[in-house]
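Participant: Just coords27.cif, nothing more (mmCIF, C-alpha atoms and all ligand atoms):
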data_data
#
loop_
_atom_site.label_atom_id
_atom_site.label_comp_id
_atom_site.auth_asym_id
_atom_site.auth_seq_id
_atom_site.Cartn_x
_atom_site.Cartn_y
_atom_site.Cartn_z
CA MET A 637 117.41 22.30 -159.67
CA LYS A 638 117.95 22.01 -163.41
CA SER A 639 121.18 20.75 -164.98
CA GLU A 640 124.56 22.11 -163.93
CA SER A 641 126.24 20.93 -167.09
CA THR A 642 128.53 23.87 -167.84
CA SER A 643 130.29 26.33 -165.61
CA GLU A 644 128.66 29.15 -167.58
CA ASP A 645 125.21 27.89 -166.54
CA LEU A 646 126.21 27.53 -162.94
CA PRO A 647 125.53 30.79 -161.13
CA SER A 648 122.18 31.78 -162.53
CA GLU A 649 120.74 28.26 -162.23
CA ILE A 650 121.75 28.06 -158.60
CA LYS A 651 120.72 31.59 -157.77
CA ASP A 652 117.35 31.24 -159.47
CA HIS A 653 116.58 28.17 -157.39
CA TYR A 654 116.93 30.19 -154.18
CA ARG A 655 115.61 33.43 -155.66
CA GLU A 656 112.30 31.61 -156.13
CA ARG A 657 111.93 31.49 -152.35
CA LEU A 658 111.30 35.25 -152.46
CA ASN A 659 108.48 34.88 -154.95
CA LYS A 660 105.98 35.00 -152.12
CA TYR A 661 106.75 38.73 -151.86
CA THR A 662 106.24 39.18 -155.61
CA ARG A 663 102.84 37.51 -155.22
CA ARG A 664 102.00 39.70 -152.23
CA ALA A 665 102.82 42.87 -154.18
CA PHE A 666 100.82 41.66 -157.17
CA GLN A 667 97.78 41.04 -154.98
CA MET A 668 97.90 44.70 -153.91
CA ILE A 669 97.01 45.76 -157.46
CA PRO A 670 93.29 45.77 -158.26
CA LYS A 671 92.33 42.98 -160.66
CA ILE A 672 92.98 43.82 -164.33
CA GLU A 673 91.85 41.44 -167.10
CA ASN A 674 94.73 40.37 -169.39
CA PRO A 675 97.08 43.09 -168.18
CA HIS A 676 99.96 44.16 -170.39
CA ILE A 677 103.00 43.95 -168.14
CA LEU A 678 106.54 45.22 -168.75
CA ASP A 679 109.17 43.58 -166.53
CA VAL A 680 112.16 45.92 -166.48
CA GLY A 681 115.55 44.28 -165.87
CA CYS A 682 113.93 40.84 -165.84
CA GLY A 683 117.24 38.94 -165.91
CA SER A 684 116.67 35.18 -166.03
CA GLY A 685 113.08 35.92 -165.13
CA VAL A 686 112.26 34.46 -161.73
CA PRO A 687 109.68 37.22 -161.08
CA THR A 688 108.63 37.22 -164.76
CA ILE A 689 107.57 33.59 -164.59
CA GLU A 690 105.83 34.20 -161.27
CA LEU A 691 103.89 37.09 -162.83
CA ALA A 692 102.85 34.78 -165.66
CA LYS A 693 101.58 32.29 -163.08
CA VAL A 694 99.60 34.77 -160.98
CA SER A 695 98.14 36.75 -163.88
CA ASP A 696 96.56 36.02 -167.25
CA GLY A 697 98.61 38.90 -168.63
CA GLU A 698 100.86 39.42 -171.63
CA ILE A 699 104.34 40.05 -170.35
CA ILE A 700 107.43 41.52 -171.97
CA GLY A 701 110.67 41.11 -170.06
CA ILE A 702 113.50 43.45 -171.00
CA ASP A 703 117.17 43.19 -170.04
CA ILE A 704 120.54 44.01 -171.56
CA ASN A 705 122.02 40.60 -170.85
CA GLN A 706 121.18 38.27 -173.74
CA SER A 707 122.45 35.13 -171.99
CA LEU A 708 119.99 35.74 -169.12
CA LEU A 709 117.22 36.37 -171.64
CA ASP A 710 118.12 33.10 -173.39
CA LYS A 711 117.67 31.31 -170.06
CA LEU A 712 114.35 33.02 -169.54
CA ASN A 713 113.29 32.10 -173.09
CA ARG A 714 113.98 28.43 -172.35
CA ARG A 715 112.00 28.69 -169.12
CA ILE A 716 109.08 30.39 -170.92
CA GLU A 717 108.96 27.47 -173.32
CA GLU A 718 109.26 24.83 -170.60
CA GLU A 719 106.47 26.42 -168.57
CA GLY A 720 104.20 26.73 -171.62
CA PHE A 721 103.96 30.53 -171.59
CA SER A 722 105.26 31.17 -175.13
CA ASP A 723 101.92 32.59 -176.28
CA ARG A 724 101.95 35.44 -173.76
CA VAL A 725 105.45 35.98 -172.37
CA LYS A 726 108.34 37.26 -174.47
CA THR A 727 111.68 38.94 -174.02
CA VAL A 728 113.32 41.89 -175.72
CA LYS A 729 116.99 42.82 -175.39
CA CYS A 730 116.91 46.49 -174.51
CA SER A 731 118.49 48.91 -172.07
CA LEU A 732 116.27 50.32 -169.35
CA PHE A 733 117.77 53.70 -170.23
CA GLU A 734 116.28 53.51 -173.73
CA ILE A 735 112.98 51.69 -173.54
CA ASP A 736 111.60 51.95 -177.04
CA PHE A 737 107.91 51.14 -176.61
CA PRO A 738 104.99 53.43 -177.46
CA ASP A 739 103.40 55.64 -174.81
CA GLU A 740 100.60 54.25 -172.64
CA GLY A 741 101.05 50.63 -173.73
CA PHE A 742 101.25 48.91 -170.36
CA ASP A 743 98.83 48.35 -167.47
CA ILE A 744 101.67 47.41 -165.15
CA ILE A 745 105.41 48.05 -165.07
CA TRP A 746 107.29 45.67 -162.78
CA ALA A 747 110.88 46.35 -161.69
CA GLU A 748 112.58 44.07 -159.17
CA GLY A 749 116.20 44.80 -158.38
CA SER A 750 116.65 47.08 -161.37
CA ILE A 751 115.55 50.65 -160.66
CA TRP A 752 118.79 51.42 -158.80
CA ILE A 753 120.55 51.23 -162.19
CA ILE A 754 118.79 54.38 -163.40
CA GLY A 755 117.91 55.79 -159.98
CA PHE A 756 114.53 55.67 -158.21
CA GLU A 757 113.36 59.15 -159.13
CA LYS A 758 114.58 59.06 -162.74
CA GLY A 759 113.10 55.60 -163.29
CA LEU A 760 109.71 56.71 -161.99
CA LYS A 761 109.74 59.79 -164.22
CA GLU A 762 111.04 58.16 -167.40
CA TRP A 763 108.87 55.04 -167.27
CA ARG A 764 105.65 56.94 -166.50
CA ARG A 765 104.90 57.62 -170.19
CA LEU A 766 104.80 53.85 -170.86
CA LEU A 767 101.87 53.34 -168.49
CA LYS A 768 98.25 53.58 -169.50
CA PRO A 769 96.25 56.17 -167.53
CA ASN A 770 95.88 54.86 -163.96
CA GLY A 771 98.42 52.11 -164.70
CA PHE A 772 100.59 50.64 -161.95
CA LEU A 773 104.30 50.67 -161.26
CA VAL A 774 105.69 48.11 -158.82
CA VAL A 775 109.27 48.53 -157.68
CA HIS A 776 111.30 46.18 -155.49
CA ASP A 777 114.34 48.08 -154.30
CA GLU A 778 116.75 48.27 -151.39
CA ILE A 779 115.22 49.59 -148.19
CA LYS A 780 117.79 52.34 -147.66
CA THR A 781 116.31 55.84 -147.92
CA ILE A 782 112.76 54.48 -147.90
CA SER A 783 111.32 57.71 -146.48
CA ASP A 784 113.04 59.80 -149.20
CA LYS A 785 111.62 57.49 -151.83
CA LEU A 786 108.11 57.60 -150.41
CA GLU A 787 108.29 61.39 -150.39
CA LYS A 788 109.37 61.56 -154.05
CA ILE A 789 106.54 59.42 -155.41
CA PRO A 790 103.83 62.15 -155.76
CA SER A 791 106.17 64.63 -157.48
CA CYS A 792 107.09 61.94 -160.02
CA GLY A 793 103.44 61.63 -161.02
CA TYR A 794 102.25 58.63 -158.99
CA LYS A 795 100.04 57.85 -156.04
CA LEU A 796 101.39 55.40 -153.48
CA ILE A 797 98.93 52.51 -153.23
CA ASN A 798 100.88 50.44 -150.74
CA HIS A 799 104.36 49.48 -149.67
CA PHE A 800 105.91 46.82 -147.50
CA SER A 801 109.35 45.76 -146.36
CA LEU A 802 110.58 42.21 -146.50
CA PRO A 803 111.43 40.79 -143.05
CA LYS A 804 114.79 42.28 -142.09
CA ASP A 805 116.76 39.07 -142.52
CA ALA A 806 114.69 37.59 -145.39
CA TRP A 807 117.46 37.90 -147.97
CA TRP A 808 119.91 36.21 -145.61
CA THR A 809 117.75 33.37 -144.33
CA GLU A 810 115.82 32.67 -147.53
CA TYR A 811 118.45 33.34 -150.18
CA TYR A 812 122.07 33.94 -149.19
CA ARG A 813 122.41 31.39 -146.37
CA PRO A 814 120.98 28.43 -148.34
CA LEU A 815 122.95 29.62 -151.38
CA GLU A 816 126.15 29.54 -149.33
CA ILE A 817 125.48 25.99 -148.17
CA ARG A 818 124.87 24.94 -151.78
CA ILE A 819 128.01 26.70 -152.99
CA LYS A 820 130.13 24.97 -150.34
CA GLY A 821 128.96 21.64 -151.75
CA LEU A 822 129.74 22.76 -155.29
CA TYR A 823 133.33 23.68 -154.39
CA MET A 824 133.90 19.95 -153.88
CA LYS A 825 132.05 18.93 -157.01
CA TYR A 826 133.91 21.40 -159.24
CA ARG A 827 137.31 21.18 -157.54
CA ASP A 828 138.99 20.37 -160.89
CA ASN A 829 137.15 23.03 -162.91
CA SER A 830 139.01 26.32 -162.50
CA GLU A 831 136.41 28.29 -164.45
CA ALA A 832 133.58 27.07 -162.23
CA LEU A 833 135.65 27.70 -159.10
CA LYS A 834 136.24 31.29 -160.18
CA ILE A 835 132.49 31.81 -160.58
CA LEU A 836 131.77 30.18 -157.21
CA LYS A 837 134.34 32.42 -155.54
CA LYS A 838 132.68 35.51 -157.03
CA HIS A 839 129.37 34.47 -155.52
CA GLN A 840 130.93 33.56 -152.19
CA ASP A 841 132.46 37.06 -152.05
CA GLU A 842 129.00 38.58 -152.50
CA ILE A 843 127.61 36.31 -149.76
CA ASP A 844 130.45 37.31 -147.40
CA LEU A 845 129.53 40.95 -147.89
CA VAL A 846 125.93 40.31 -146.87
CA LYS A 847 126.96 38.00 -144.04
CA ARG A 848 128.80 40.84 -142.32
CA ASN A 849 125.56 42.72 -141.88
CA PRO A 850 122.51 40.72 -143.00
CA LYS A 851 119.98 43.32 -141.81
CA GLU A 852 121.57 46.02 -143.98
CA HIS A 853 120.68 43.97 -147.02
CA SER A 854 116.97 44.50 -146.78
CA SER A 855 114.46 45.53 -149.39
CA ALA A 856 110.96 46.88 -149.89
CA PHE A 857 108.17 46.83 -152.46
CA TYR A 858 106.50 50.06 -153.60
CA ILE A 859 103.13 49.74 -155.33
CA MET A 860 102.30 52.96 -157.17
CA GLN A 861 99.58 54.16 -159.52
CA LYS A 862 100.04 56.72 -162.28
CA SER A 863 98.15 59.85 -161.32
C1 LIG B 901 119.46 42.27 -159.66
S1 LIG B 901 119.05 41.72 -161.28
C2 LIG B 901 117.30 41.54 -161.14
C3 LIG B 901 116.74 40.43 -161.98
C4 LIG B 901 115.27 40.12 -161.74
N1 LIG B 901 114.42 41.28 -161.96
C5 LIG B 901 115.08 39.60 -160.33
O1 LIG B 901 114.53 40.32 -159.49
O2 LIG B 901 115.46 38.45 -160.07
C6 LIG B 901 119.25 43.22 -162.23
C7 LIG B 901 119.05 42.99 -163.73
O3 LIG B 901 119.17 44.23 -164.40
C8 LIG B 901 119.84 44.00 -165.64
N2 LIG B 901 120.42 45.26 -166.13
C9 LIG B 901 121.55 45.89 -165.74
N3 LIG B 901 121.73 47.03 -166.43
C10 LIG B 901 120.67 47.13 -167.29
C11 LIG B 901 120.28 48.07 -168.27
N4 LIG B 901 121.01 49.16 -168.52
N5 LIG B 901 119.14 47.84 -168.96
C12 LIG B 901 118.39 46.74 -168.73
N6 LIG B 901 118.71 45.80 -167.80
C13 LIG B 901 119.83 45.99 -167.09
C14 LIG B 901 120.87 42.95 -165.32
O4 LIG B 901 121.30 42.29 -166.50
C15 LIG B 901 120.08 42.07 -164.35
O5 LIG B 901 119.44 41.03 -165.03
#
Write the structure described by the file as structure tokens, please.
Facilitator:
Amino acid sequence: MKSESTSEDLPSEIKDHYRERLNKYTRRAFQMIPKIENPHILDVGCGSGVPTIELAKVSDGEIIGIDINQSLLDKLNRRIEEEGFSDRVKTVKCSLFEIDFPDEGFDIIWAEGSIWIIGFEKGLKEWRRLLKPNGFLVVHDEIKTISDKLEKIPSCGYKLINHFSLPKDAWWTEYYRPLEIRIKGLYMKYRDNSEALKILKKHQDEIDLVKRNPKEHSSAFYIMQKS
């Protein structure tokens, strides 16, 4: 893990470390897309960019990550530089409700953990114009209402190429449980830092919610092609 120098840095640095354990599913979804040379990829709601960096590693593409949170984008920008991707990965502060890019500019739109903000159906419809003909949209979203979502895909102008669910307890065993163990250790380390403790408590509350029903907190990838 990178430095934990300030309480402001704390949550995203810790979370990213464990979030990377789920990158194997990002890779699996990416492999379901036919090979495209130098794809132009838009990562919607990229946050601090764990999947963005993974996409840069598995592709030779040019990637734009968009998010409304500038401090997360600043973290991603530092990571882009550290990993040596500055020539082909960049970030733009922008709301996913108002994506201001020309029509048909992207081969792939990638959205992990962000489509719920606009809604599955609306996101599919509004982002379609940004894709080149036959371009791909990959969404990682909660598993609830999976059959409704699968049904909506054709009427939103896409063909379903593939989909898969993460193992039912993947988020618990691979992310939340190790995160909880780490946070418990940090309570000791930051016992005199009230700001850090407040942040840790916020994250522990989220973990407690998942802990009550780990299998509820499951997710799926949808790999779609513009039709
Ligand atoms: C659950 S995180 C997902 C981050 C990253 N894609 C991942 O999978 O690790 C959701 C992200 O959506 C961003 N977000 C929330 N509302 C947004 C909006 N209106 N426009 C763009 N991004 C937004 C948040 O700042 C956050 O980074």
Participant: Counting all atoms listed in the file, which residues in chain A sit no more than 9 Å from ligand LIG 901 (chain B)? For each one, give the nearest pair of atoms and the distance in Å, sorted by chain then residue number, as a tab-separated table.
Facilitator:
residue	atom	partner	partner_atom	distance
A:Lys651	CA	B:LIG901	O2	8.9
A:Asp652	CA	B:LIG901	O2	7.5
A:Arg655	CA	B:LIG901	O2	6.7
A:Glu656	CA	B:LIG901	O2	8.5
A:Asp679	CA	B:LIG901	N1	7.3
A:Val680	CA	B:LIG901	C12	6.7
A:Gly681	CA	B:LIG901	O3	3.9
A:Cys682	CA	B:LIG901	N1	3.9
A:Gly683	CA	B:LIG901	O5	3.2
A:Ser684	CA	B:LIG901	O5	6.5
A:Gly685	CA	B:LIG901	C4	5.8
A:Val686	CA	B:LIG901	O2	5.4
A:Pro687	CA	B:LIG901	C5	5.9
A:Thr688	CA	B:LIG901	N1	7.6
A:Gly701	CA	B:LIG901	N1	8.9
A:Ile702	CA	B:LIG901	C12	6.3
A:Asp703	CA	B:LIG901	N6	3.8
A:Ile704	CA	B:LIG901	C12	4.5
A:Asn705	CA	B:LIG901	O4	4.7
A:Gln706	CA	B:LIG901	O4	8.3
A:Leu708	CA	B:LIG901	O5	6.7
A:Leu709	CA	B:LIG901	O5	8.4
A:Lys729	CA	B:LIG901	C12	7.9
A:Cys730	CA	B:LIG901	C12	6.0
A:Ser731	CA	B:LIG901	N5	3.4
A:Leu732	CA	B:LIG901	N5	3.8
A:Phe733	CA	B:LIG901	N4	5.8
A:Glu734	CA	B:LIG901	N5	7.9
A:Ile735	CA	B:LIG901	N5	8.6
A:Trp746	CA	B:LIG901	N1	8.4
A:Ala747	CA	B:LIG901	N1	6.2
A:Glu748	CA	B:LIG901	O1	4.2
A:Gly749	CA	B:LIG901	C1	4.3
A:Ser750	CA	B:LIG901	C6	4.7
A:Ile751	CA	B:LIG901	O3	8.3
A:Trp752	CA	B:LIG901	C6	8.9
A:Ile753	CA	B:LIG901	N3	6.1
A:Ile754	CA	B:LIG901	N4	7.6
A:His776	CA	B:LIG901	O1	7.8
Participant: Can you write just those residues out, C-alpha atoms, as a compact mmCIF listing (two decimals), in the frame of the given file?
Facilitator:
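Resulting contents of part04.txt:
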# COMPACT_ATOMS: atom_id res chain seq x y z
CA LYS A 651 120.72 31.59 -157.77
CA ASP A 652 117.35 31.24 -159.47
CA ARG A 655 115.61 33.43 -155.66
CA GLU A 656 112.30 31.61 -156.13
CA ASP A 679 109.17 43.58 -166.53
CA VAL A 680 112.16 45.92 -166.48
CA GLY A 681 115.55 44.28 -165.87
CA CYS A 682 113.93 40.84 -165.84
CA GLY A 683 117.24 38.94 -165.91
CA SER A 684 116.67 35.18 -166.03
CA GLY A 685 113.08 35.92 -165.13
CA VAL A 686 112.26 34.46 -161.73
CA PRO A 687 109.68 37.22 -161.08
CA THR A 688 108.63 37.22 -164.76
CA GLY A 701 110.67 41.11 -170.06
CA ILE A 702 113.50 43.45 -171.00
CA ASP A 703 117.17 43.19 -170.04
CA ILE A 704 120.54 44.01 -171.56
CA ASN A 705 122.02 40.60 -170.85
CA GLN A 706 121.18 38.27 -173.74
CA LEU A 708 119.99 35.74 -169.12
CA LEU A 709 117.22 36.37 -171.64
CA LYS A 729 116.99 42.82 -175.39
CA CYS A 730 116.91 46.49 -174.51
CA SER A 731 118.49 48.91 -172.07
CA LEU A 732 116.27 50.32 -169.35
CA PHE A 733 117.77 53.70 -170.23
CA GLU A 734 116.28 53.51 -173.73
CA ILE A 735 112.98 51.69 -173.54
CA TRP A 746 107.29 45.67 -162.78
CA ALA A 747 110.88 46.35 -161.69
CA GLU A 748 112.58 44.07 -159.17
CA GLY A 749 116.20 44.80 -158.38
CA SER A 750 116.65 47.08 -161.37
CA ILE A 751 115.55 50.65 -160.66
CA TRP A 752 118.79 51.42 -158.80
CA ILE A 753 120.55 51.23 -162.19
CA ILE A 754 118.79 54.38 -163.40
CA HIS A 776 111.30 46.18 -155.49
Participant: Of the residues A:Ser830, A:His853, A:Arg764, A:Ile859, which is the one nearest to Lys795 of chain A, using all atoms listed in the file?
Facilitator: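 Of A:Ser830, A:His853, A:Arg764, A:Ile859, the one nearest Lys795 of chain A is A:Ile859, counting all atoms listed in the file.
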Participant: Rank A:Arg724, A:Lys804, A:Lys785, A:Arg657 by their smallest atom-to-atom distance to Leu678 of chain A, using all atoms listed in the file, and report the top residue only.
Facilitator: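 Among the listed residues, the smallest separation from Leu678 of chain A belongs to A:Arg724.
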Participant: Determine the nearest neighbour of Lys780 of chain A from the options A:Ala856, A:Leu712, A:Cys792, A:Leu822, counting all atoms listed in the file.
Facilitator: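 Closest residue, counting all atoms listed in the file: A:Ala856.
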Participant: Just the residues within 12 Å of Glu757 of chain A, please, counting all atoms listed in the file, with nothing from its chain fewer than 6 positions along; format it as an MDAnalysis selection string.
Facilitator: chainID A and resid 751 763:764 775 784:794
Participant: Can you work out which one of A:Val728, A:Ala832, A:Leu845, A:Leu815 has the shortest atom-to-atom distance to His653 of chain A, counting only C-alpha atoms?
Facilitator: A:Leu815
Participant: What is the distance between atom CA of Leu691 of chain A and atom CA of Arg813 of chain A, in Å to one decimal?
Facilitator: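 Those two atoms sit 25.4 Å apart.
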Participant: Would you mind reading off the distance between atom CA of Glu842 of chain A and atom CA of Leu802 of chain A, one decimal, in Å?
Facilitator: 19.7 Å
Participant: So which residues touch Phe666 of chain A within 10 Å, counting only C-alpha atoms, skipping near sequence neighbours fewer than 5 positions away, as a ChimeraX atom specification?
Facilitator: /A:660-661,671,690-691,694-695,744,746,774,859
Participant: Report the distance between atom CA of Gln667 of chain A and atom CA of Asp723 of chain A in Å, rounded to one decimal place.
Facilitator: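 Interatomic distance, atom CA of Gln667 of chain A to atom CA of Asp723 of chain A: 23.3 Å.
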Participant: My list of candidates is A:Glu810, A:Ile819, A:Asp736, A:Ile700. Which is closest to Ile835 of chain A when distances are computed with all atoms listed in the file?
Facilitator: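 Checking each candidate against Ile835 of chain A, we get A:Ile819 as the closest.
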Participant: Find the residue from A:Glu718, A:Leu767, A:Gly697, A:Lys758 that sits nearest to Glu673 of chain A; use only C-alpha atoms when measuring.
Facilitator: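 Closest to Glu673 of chain A of all the choices is A:Gly697.
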Participant: Mind listing as an MDAnalysis selection string all residues within 8 Å of (98.1, 55.3, -159.5), counting only C-alpha atoms?
Facilitator: chainID A and resid 770:773 794:797 860:863
Participant: For segment 670-687 of chain A, I'd like the enclosing box, axis-aligned and padded by 4 Å on every side, reported as lines of an AutoDock Vina configuration file with centre and edge lengths in Å to one decimal.
Facilitator:
center_x = 104.5
center_y = 40.2
center_z = -164.3
size_x = 33.4
size_y = 19.5
size_z = 20.1
Participant: Within 9 Å of Tyr823 of chain A, counting all atoms listed in the file, which residues show up once you throw out same-chain ones fewer than 2 positions away? Write them as a list in words, please.
Facilitator: Arg818, Ile819, Lys820, Gly821, Lys825, Tyr826, Arg827, Ala832, Leu833, Leu836 and Lys837 of chain A
Participant: For segment 664-684 of chain A of the block above, can you save N, CA, C and O atoms as a short mmCIF file (atom, residue, chain, number, x, y, z; two decimals), in the first residue's frame?
Facilitator:
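Contents of the output file result_6.cif:
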data_model
loop_
_atom_site.label_atom_id
_atom_site.label_comp_id
_atom_site.auth_asym_id
_atom_site.auth_seq_id
_atom_site.Cartn_x
_atom_site.Cartn_y
_atom_site.Cartn_z
N ARG A 664 -11.52 -10.32 -17.08
CA ARG A 664 -12.38 -11.34 -17.71
C ARG A 664 -13.38 -10.68 -18.65
O ARG A 664 -13.60 -11.14 -19.77
N ALA A 665 -13.99 -9.58 -18.21
CA ALA A 665 -14.96 -8.87 -19.06
C ALA A 665 -14.26 -8.32 -20.30
O ALA A 665 -14.79 -8.40 -21.41
N PHE A 666 -13.07 -7.78 -20.11
CA PHE A 666 -12.36 -7.19 -21.25
C PHE A 666 -12.04 -8.26 -22.30
O PHE A 666 -12.13 -8.02 -23.51
N GLN A 667 -11.71 -9.45 -21.82
CA GLN A 667 -11.37 -10.54 -22.76
C GLN A 667 -12.59 -11.01 -23.57
O GLN A 667 -12.44 -11.72 -24.55
N MET A 668 -13.77 -10.63 -23.13
CA MET A 668 -14.99 -11.03 -23.85
C MET A 668 -15.26 -10.12 -25.05
O MET A 668 -16.15 -10.39 -25.84
N ILE A 669 -14.50 -9.03 -25.15
CA ILE A 669 -14.65 -8.12 -26.29
C ILE A 669 -13.66 -8.57 -27.37
O ILE A 669 -12.49 -8.82 -27.05
N PRO A 670 -14.11 -8.65 -28.62
CA PRO A 670 -13.15 -9.00 -29.68
C PRO A 670 -12.01 -7.99 -29.72
O PRO A 670 -12.20 -6.82 -29.38
N LYS A 671 -10.85 -8.45 -30.13
CA LYS A 671 -9.65 -7.58 -30.11
C LYS A 671 -9.85 -6.35 -31.01
O LYS A 671 -10.27 -6.47 -32.16
N ILE A 672 -9.55 -5.18 -30.45
CA ILE A 672 -9.60 -3.92 -31.21
C ILE A 672 -8.22 -3.28 -31.06
O ILE A 672 -7.71 -3.17 -29.93
N GLU A 673 -7.61 -2.87 -32.16
CA GLU A 673 -6.30 -2.20 -32.09
C GLU A 673 -6.49 -0.79 -31.55
O GLU A 673 -7.36 -0.06 -32.02
N ASN A 674 -5.67 -0.38 -30.63
CA ASN A 674 -5.70 0.97 -30.03
C ASN A 674 -7.12 1.48 -29.78
O ASN A 674 -7.50 2.55 -30.27
N PRO A 675 -7.91 0.75 -29.02
CA PRO A 675 -9.28 1.21 -28.82
C PRO A 675 -9.35 2.53 -28.06
O PRO A 675 -8.52 2.80 -27.18
N HIS A 676 -10.33 3.35 -28.43
CA HIS A 676 -10.61 4.55 -27.64
C HIS A 676 -11.63 4.15 -26.58
O HIS A 676 -12.72 3.70 -26.93
N ILE A 677 -11.25 4.31 -25.33
CA ILE A 677 -12.10 3.82 -24.23
C ILE A 677 -12.51 5.00 -23.34
O ILE A 677 -11.66 5.83 -22.97
N LEU A 678 -13.79 5.05 -23.00
CA LEU A 678 -14.28 6.04 -22.03
C LEU A 678 -14.65 5.29 -20.76
O LEU A 678 -15.50 4.39 -20.80
N ASP A 679 -14.02 5.64 -19.64
CA ASP A 679 -14.33 5.00 -18.36
C ASP A 679 -15.22 5.96 -17.57
O ASP A 679 -14.75 6.99 -17.08
N VAL A 680 -16.48 5.62 -17.46
CA VAL A 680 -17.48 6.52 -16.85
C VAL A 680 -17.54 6.29 -15.33
O VAL A 680 -17.77 5.17 -14.89
N GLY A 681 -17.34 7.36 -14.58
CA GLY A 681 -17.34 7.24 -13.11
C GLY A 681 -16.11 6.46 -12.67
O GLY A 681 -16.19 5.53 -11.88
N CYS A 682 -14.96 6.89 -13.19
CA CYS A 682 -13.71 6.12 -12.98
C CYS A 682 -13.20 6.20 -11.54
O CYS A 682 -12.44 5.35 -11.11
N GLY A 683 -13.61 7.23 -10.80
CA GLY A 683 -13.12 7.40 -9.43
C GLY A 683 -11.61 7.49 -9.40
O GLY A 683 -10.98 8.11 -10.26
N SER A 684 -10.99 6.80 -8.44
CA SER A 684 -9.52 6.83 -8.34
C SER A 684 -8.89 5.87 -9.33
O SER A 684 -7.66 5.70 -9.35
#
